[in-house]
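*Asks:* Handing you this structure, nothing more for now.
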Amino acid sequence: RAATARFPDADRLAGFLGLFMGASNGTALLVSLFVANRLFARFGVASMVVALAALYVAGFGVLALSATFASLVAFRFVQMVWVNGVWTGGWQALYNVVPSERRDRTRAFIDGVALQGGIIAAGIMLILAERVLTPRAFTLIALVIAIVATVTALRMRRAYGGAVVQALREGNPEVFLAEEEPFGGVRRDAAAMSVVMTSASDREPAVRRVAMEILADVADRSEMPVILERLADGDAVVRAAALRGATRVGSPDDLGSVAPLLTDDDESVRRGAVVAFLAMGGGRRDPDRLRALLDDPDPQVRARASAGLFGSGHSDDALQTVRKMTASPAPAWRAAAIEAFGGSERGLEEIMAGLEDSHPLVRRAAILALAASPGEAPSEGLVRALGDIDADVRAAAVQGIVGMGDRARDVLVEALARPELEAGAMHCLARMEGVDVSILRDYVGREVSEAVRYGRLLRLLAEGTDERIDLVTHSLRLTSIQHAVNGLHAASNYWDPVGIRLAIENLESRDPGQRANALETLEAVGEPDVVRPLLAVWEDTSPASGNGASVLAELLGDGDAWLRAAAAFAAVGRSELRSTVEELARSDRDTLVREAAAVALEGDRVVEALPSLSLMERIVFLRRVPLFVELSPADLKHVAESVTEQVFPDGQVIAEQGEPGDEMYVLLTGEMRVLVTRDGDSAEEVARRGPGEYVGEMAVITQAPRMASLVAAGAVRALVIDRRRFERILRERPEASLAVMRELCNRLVKSVGSGPPEARA
């Protein structure tokens, strides 16, 4: 009304309103970029939210006294700048103190109930202002509401501080984000940081741990006194976190506080102490302290100390120490030794040997060491690692090559011509700037086409009718997803890299809501002609019964060796495919394909009558076991190669209660009785395990004496995994580790619901 009275001409009114909105929005942008972060850091996020209510009190107070056009414009301008430039970011940041599992519900309630209620109330006020209230009466009512809002906001500010403390006590540092955030966010929230500083000295170790983990990532030099104080903490986790902070912001003047921790009783503290000591220049000023660590019982401490001595007067001792470690039978020692050579000109021979090591931990260390070593371009060994069978090794190769920048570009383009390296090379190129987008687009098109093709074949197979067909559908699903992910990674170079990465991570979630959000993200940031065909890859649709023979026929000629093997194995009894299977058994270049085809030609085989299972039959059988059902084909093959078969006659004691548990058993045929003896009484049968079940995993994992005896009930055949092999599977196959944890949790839940968990062997 005031603007219309001031500018009765429509064009001038429109010009004024456009100028006003542009000026307020432009100022809000500048405030959000250059001022909001400083305000959050100085006064805290919650205080800046309270300030909006206080602003309304001040504005309506002025208007109650004198409602001039200038005061109206000034009030509205400041209010819009504050809301858009400061308040919105602070308000959204407040949600971080809400536990993640309740955060979406909290947002939905506030947006769907409180916000809508406020809009309704505002509408009623406008109607009253239009028909009943005078401008002065309206202003006075608004002033009262603003005062009530300010009081409420102050209570909210106090509650926010309490929620931050509660988050620390529950070990939840999510409210503090270590990554760099737009406009600073809560990372520099003064109120939150004040809580962290105070909590670093809390009497509860759990609180001190979380506080120091946060400080280690966000502290600056001004917080160094708190970090130095925690170096003497009684909790090893707190000391280790404090050392990380000291490494970031410490100086040579702090060496005196770090040096005593080089001989700490806890190995993780000693590791951190070596890193901090070297970062502060201790290797040059006091190399004798590092030399004393060349005999440390922890391989990481020994290796890091040796690396710090390269170039000093103790170089020969350090080099001899590391070379002895490379000959160790323990993978952790070999990996630590190779890491010590990273970034130096020494140990190239050992690093190259590490690339061929049988253990992925050592290969990964060799890749990172090679990437850090001087060189104009990636070596052949580093490029070859892009096709490693282990996902972590491939990821390390991508990380190392991308870090080399333009030096790697020509080598990566050459690697595109090698099928086994193409996906890894594309992952590298997608993360580099200045890459020919046409190369990436061609690759994306091929991967999307393959993902859609495998998805089409998957929907033509009837799942659940045959274990061999189920193995094919499992393989098709994973292969289709892998091609889709490869294409998305490559497309991220010319789409939104962050959005694509987050979408891919959430597509792996078990939560349907998260997967739906991820698919929406892909649609929002990607090109429709690429994304839409891929959506069906992740849709939860059951395969429809179709012509299974035609699918198998197509897969028997597929370029993927595993899919050929699975299809050949599933082609048993299909006369129309026999000639193709015979050809694969004679001349396929892959050993597993030849073996699977040969087994299929023998026809249906009864497990009880077999002297031993073929590798493919073991793989199919292991898919029945809950521990391994979610593993990829490559992981299943690895597990199947690690097991042995044993036969136990009726009544044989397979394991005795109280003896060390060195083996776990997966039953192929027959049953095992689980017997428990209590207080000298006779043994009582508490459970029986049949085909497809497993027993003995608890003793293998805990290395504790067995809690029950195992006795064969009739003739028993079992796949046996000894502790050493089982531990290696868990170390080398993260999915297997997660499956074990899930299955043990399921058993625990069942045991709690049905009584004491006595059926543990």
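In the structure tokens, the first chain shown is A, the next is B, and so on; residue numbers restart at 1 for each chain, and ligands run from 1 in the order shown.
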Per DSSP on the backbone, filter segment 327-480 of chain A down to the residues in helix (DSSP H, G or I) and report them as number ranges by chain.

*Replies:* A: 331-341, 348-355, 360-372, 380-387, 391-403, 405-415, 419-430, 437-459, 467-480

*Asks:* Residues within 12 Å of segment 200-203 of chain A, please, as number ranges by chain. Count only C-alpha atoms; anything in the same chain fewer than 5 positions from it doesn't count.

*Replies:* A: 165, 168-169, 193-195, 208-216, 223, 225-235, 238-239, 241-242

*Asks:* Which neighbours of segment 556-558 of chain A fall inside 7 Å, counting only C-alpha atoms, when residues of the same chain fewer than 5 positions from it are skipped, and could you give them as a VMD selection string?

*Replies:* chain A and resid 563 to 564 567 to 568

*Asks:* Can you pull out every residue within 12 Å of His638 of chain A, counting only C-alpha atoms, but drop anything in the same chain fewer than 2 positions away, and send it as a PDB file with N, CA and C atoms, in the first residue's frame?

*Replies:*
ATOM      1  N   ILE A 389      41.723 -57.989  -9.482  1.00  0.00           N
ATOM      2  CA  ILE A 389      40.496 -58.679  -9.075  1.00  0.00           C
ATOM      3  C   ILE A 389      39.907 -58.087  -7.802  1.00  0.00           C
ATOM      4  N   ASP A 390      40.707 -57.375  -7.025  1.00  0.00           N
ATOM      5  CA  ASP A 390      40.237 -56.822  -5.763  1.00  0.00           C
ATOM      6  C   ASP A 390      39.777 -55.380  -5.964  1.00  0.00           C
ATOM      7  N   LEU A 615      34.151 -76.969  -8.645  1.00  0.00           N
ATOM      8  CA  LEU A 615      34.178 -75.601  -8.139  1.00  0.00           C
ATOM      9  C   LEU A 615      32.829 -74.923  -8.343  1.00  0.00           C
ATOM     10  N   MET A 616      32.194 -75.085  -9.512  1.00  0.00           N
ATOM     11  CA  MET A 616      30.904 -74.466  -9.769  1.00  0.00           C
ATOM     12  C   MET A 616      29.844 -75.024  -8.832  1.00  0.00           C
ATOM     13  N   ARG A 618      30.340 -76.143  -5.827  1.00  0.00           N
ATOM     14  CA  ARG A 618      30.579 -75.539  -4.513  1.00  0.00           C
ATOM     15  C   ARG A 618      30.006 -74.121  -4.470  1.00  0.00           C
ATOM     16  N   ILE A 619      30.201 -73.398  -5.554  1.00  0.00           N
ATOM     17  CA  ILE A 619      29.695 -72.022  -5.609  1.00  0.00           C
ATOM     18  C   ILE A 619      28.177 -72.018  -5.460  1.00  0.00           C
ATOM     19  N   LEU A 622      27.264 -72.882  -1.864  1.00  0.00           N
ATOM     20  CA  LEU A 622      27.553 -71.812  -0.904  1.00  0.00           C
ATOM     21  C   LEU A 622      26.517 -70.702  -0.977  1.00  0.00           C
ATOM     22  N   PHE A 628      26.962 -66.354   2.897  1.00  0.00           N
ATOM     23  CA  PHE A 628      27.584 -66.063   1.606  1.00  0.00           C
ATOM     24  C   PHE A 628      26.581 -65.707   0.511  1.00  0.00           C
ATOM     25  N   LEU A 631      27.167 -62.502  -1.654  1.00  0.00           N
ATOM     26  CA  LEU A 631      28.476 -62.240  -2.256  1.00  0.00           C
ATOM     27  C   LEU A 631      28.385 -62.202  -3.775  1.00  0.00           C
ATOM     28  N   SER A 632      29.292 -61.459  -4.371  1.00  0.00           N
ATOM     29  CA  SER A 632      29.374 -61.413  -5.827  1.00  0.00           C
ATOM     30  C   SER A 632      29.945 -62.734  -6.337  1.00  0.00           C
ATOM     31  N   PRO A 633      29.766 -63.022  -7.623  1.00  0.00           N
ATOM     32  CA  PRO A 633      30.345 -64.256  -8.167  1.00  0.00           C
ATOM     33  C   PRO A 633      31.850 -64.378  -7.921  1.00  0.00           C
ATOM     34  N   ALA A 634      32.585 -63.277  -8.074  1.00  0.00           N
ATOM     35  CA  ALA A 634      34.035 -63.338  -7.842  1.00  0.00           C
ATOM     36  C   ALA A 634      34.334 -63.710  -6.395  1.00  0.00           C
ATOM     37  N   ASP A 635      33.574 -63.154  -5.455  1.00  0.00           N
ATOM     38  CA  ASP A 635      33.798 -63.478  -4.048  1.00  0.00           C
ATOM     39  C   ASP A 635      33.386 -64.912  -3.737  1.00  0.00           C
ATOM     40  N   LEU A 636      32.275 -65.371  -4.321  1.00  0.00           N
ATOM     41  CA  LEU A 636      31.856 -66.756  -4.121  1.00  0.00           C
ATOM     42  C   LEU A 636      32.916 -67.724  -4.639  1.00  0.00           C
ATOM     43  N   ALA A 640      34.811 -70.489  -2.494  1.00  0.00           N
ATOM     44  CA  ALA A 640      34.735 -71.890  -2.919  1.00  0.00           C
ATOM     45  C   ALA A 640      36.119 -72.499  -3.101  1.00  0.00           C
ATOM     46  N   GLU A 641      37.064 -71.706  -3.555  1.00  0.00           N
ATOM     47  CA  GLU A 641      38.434 -72.208  -3.723  1.00  0.00           C
ATOM     48  C   GLU A 641      39.137 -72.407  -2.390  1.00  0.00           C
ATOM     49  N   SER A 642      38.618 -71.773  -1.329  1.00  0.00           N
ATOM     50  CA  SER A 642      39.292 -71.817  -0.034  1.00  0.00           C
ATOM     51  C   SER A 642      38.827 -72.970   0.845  1.00  0.00           C
ATOM     52  N   VAL A 643      37.721 -73.628   0.478  1.00  0.00           N
ATOM     53  CA  VAL A 643      37.177 -74.673   1.348  1.00  0.00           C
ATOM     54  C   VAL A 643      37.701 -76.042   0.935  1.00  0.00           C
ATOM     55  N   ARG A 725      41.928 -69.612   6.869  1.00  0.00           N
ATOM     56  CA  ARG A 725      41.252 -69.281   5.609  1.00  0.00           C
ATOM     57  C   ARG A 725      40.040 -68.391   5.854  1.00  0.00           C
ATOM     58  N   PHE A 726      39.282 -68.674   6.922  1.00  0.00           N
ATOM     59  CA  PHE A 726      38.092 -67.884   7.208  1.00  0.00           C
ATOM     60  C   PHE A 726      38.458 -66.438   7.513  1.00  0.00           C
ATOM     61  N   ARG A 728      41.068 -64.917   6.488  1.00  0.00           N
ATOM     62  CA  ARG A 728      41.535 -64.294   5.250  1.00  0.00           C
ATOM     63  C   ARG A 728      40.347 -63.869   4.383  1.00  0.00           C
ATOM     64  N   ILE A 729      39.301 -64.699   4.336  1.00  0.00           N
ATOM     65  CA  ILE A 729      38.098 -64.346   3.585  1.00  0.00           C
ATOM     66  C   ILE A 729      37.493 -63.066   4.145  1.00  0.00           C
ATOM     67  N   LEU A 730      37.412 -62.973   5.474  1.00  0.00           N
ATOM     68  CA  LEU A 730      36.809 -61.801   6.097  1.00  0.00           C
ATOM     69  C   LEU A 730      37.648 -60.554   5.855  1.00  0.00           C
ATOM     70  N   GLU A 732      39.777 -60.050   3.274  1.00  0.00           N
ATOM     71  CA  GLU A 732      39.902 -59.713   1.864  1.00  0.00           C
ATOM     72  C   GLU A 732      38.560 -59.452   1.188  1.00  0.00           C
ATOM     73  N   ARG A 733      37.470 -59.883   1.810  1.00  0.00           N
ATOM     74  CA  ARG A 733      36.151 -59.742   1.206  1.00  0.00           C
ATOM     75  C   ARG A 733      35.232 -58.994   2.163  1.00  0.00           C
ATOM     76  N   ALA A 736      31.743 -60.286   2.663  1.00  0.00           N
ATOM     77  CA  ALA A 736      31.632 -61.476   3.503  1.00  0.00           C
ATOM     78  C   ALA A 736      31.632 -61.081   4.973  1.00  0.00           C
TER      79      ALA A 736
END

*Asks:* Need the shell around Ala425 of chain A: protein/DNA/RNA residues with any atom at most 8 Å away, counting only C-alpha atoms. Skip same-chain ones fewer than 2 positions apart. Format as an MDAnalysis selection string?

*Replies:* chainID A and resid 386 398 412:413 415:416 421:423 427:429

*Asks:* Tell me, as number ranges by chain, which residues lie within 9 Å of Arg384 of chain A, counting only C-alpha atoms; anything in the same chain fewer than 3 positions away does not count.

*Replies:* A: 379-381, 387-388, 397, 415, 420-421

*Asks:* Any idea what the distance is between atom CA of Glu602 of chain A and atom CA of Ser579 of chain A?

*Replies:*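 Distance between the two atoms: 13.5 Å.
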
*Asks:* Within 8 Å of Pro360 of chain A, counting only C-alpha atoms, which residues show up once you throw out same-chain ones fewer than 3 positions away? Write them as a ChimeraX atom specification, please.

*Replies:* /A:357,363-364,390,392-393,732

*Asks:* What separation in Å, quoted to one decimal, exists between atom CA of Ala191 of chain A and atom CA of Arg102 of chain A?

*Replies:* 22.6 Å

*Asks:* So, with only C-alpha atoms as the atoms that count, which of A:Pro419, A:Pro297, A:Gly90, A:Gly405 lies closest to Glu433 of chain A?

*Replies:*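 Result for the nearest residue to Glu433 of chain A: A:Gly405.
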
*Asks:* So the first atom is atom CA of Gly256 of chain A and the second is atom CA of Arg291 of chain A; what is the distance between them in Å, to one decimal place?

*Replies:*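 These two atoms are separated by 17.3 Å.
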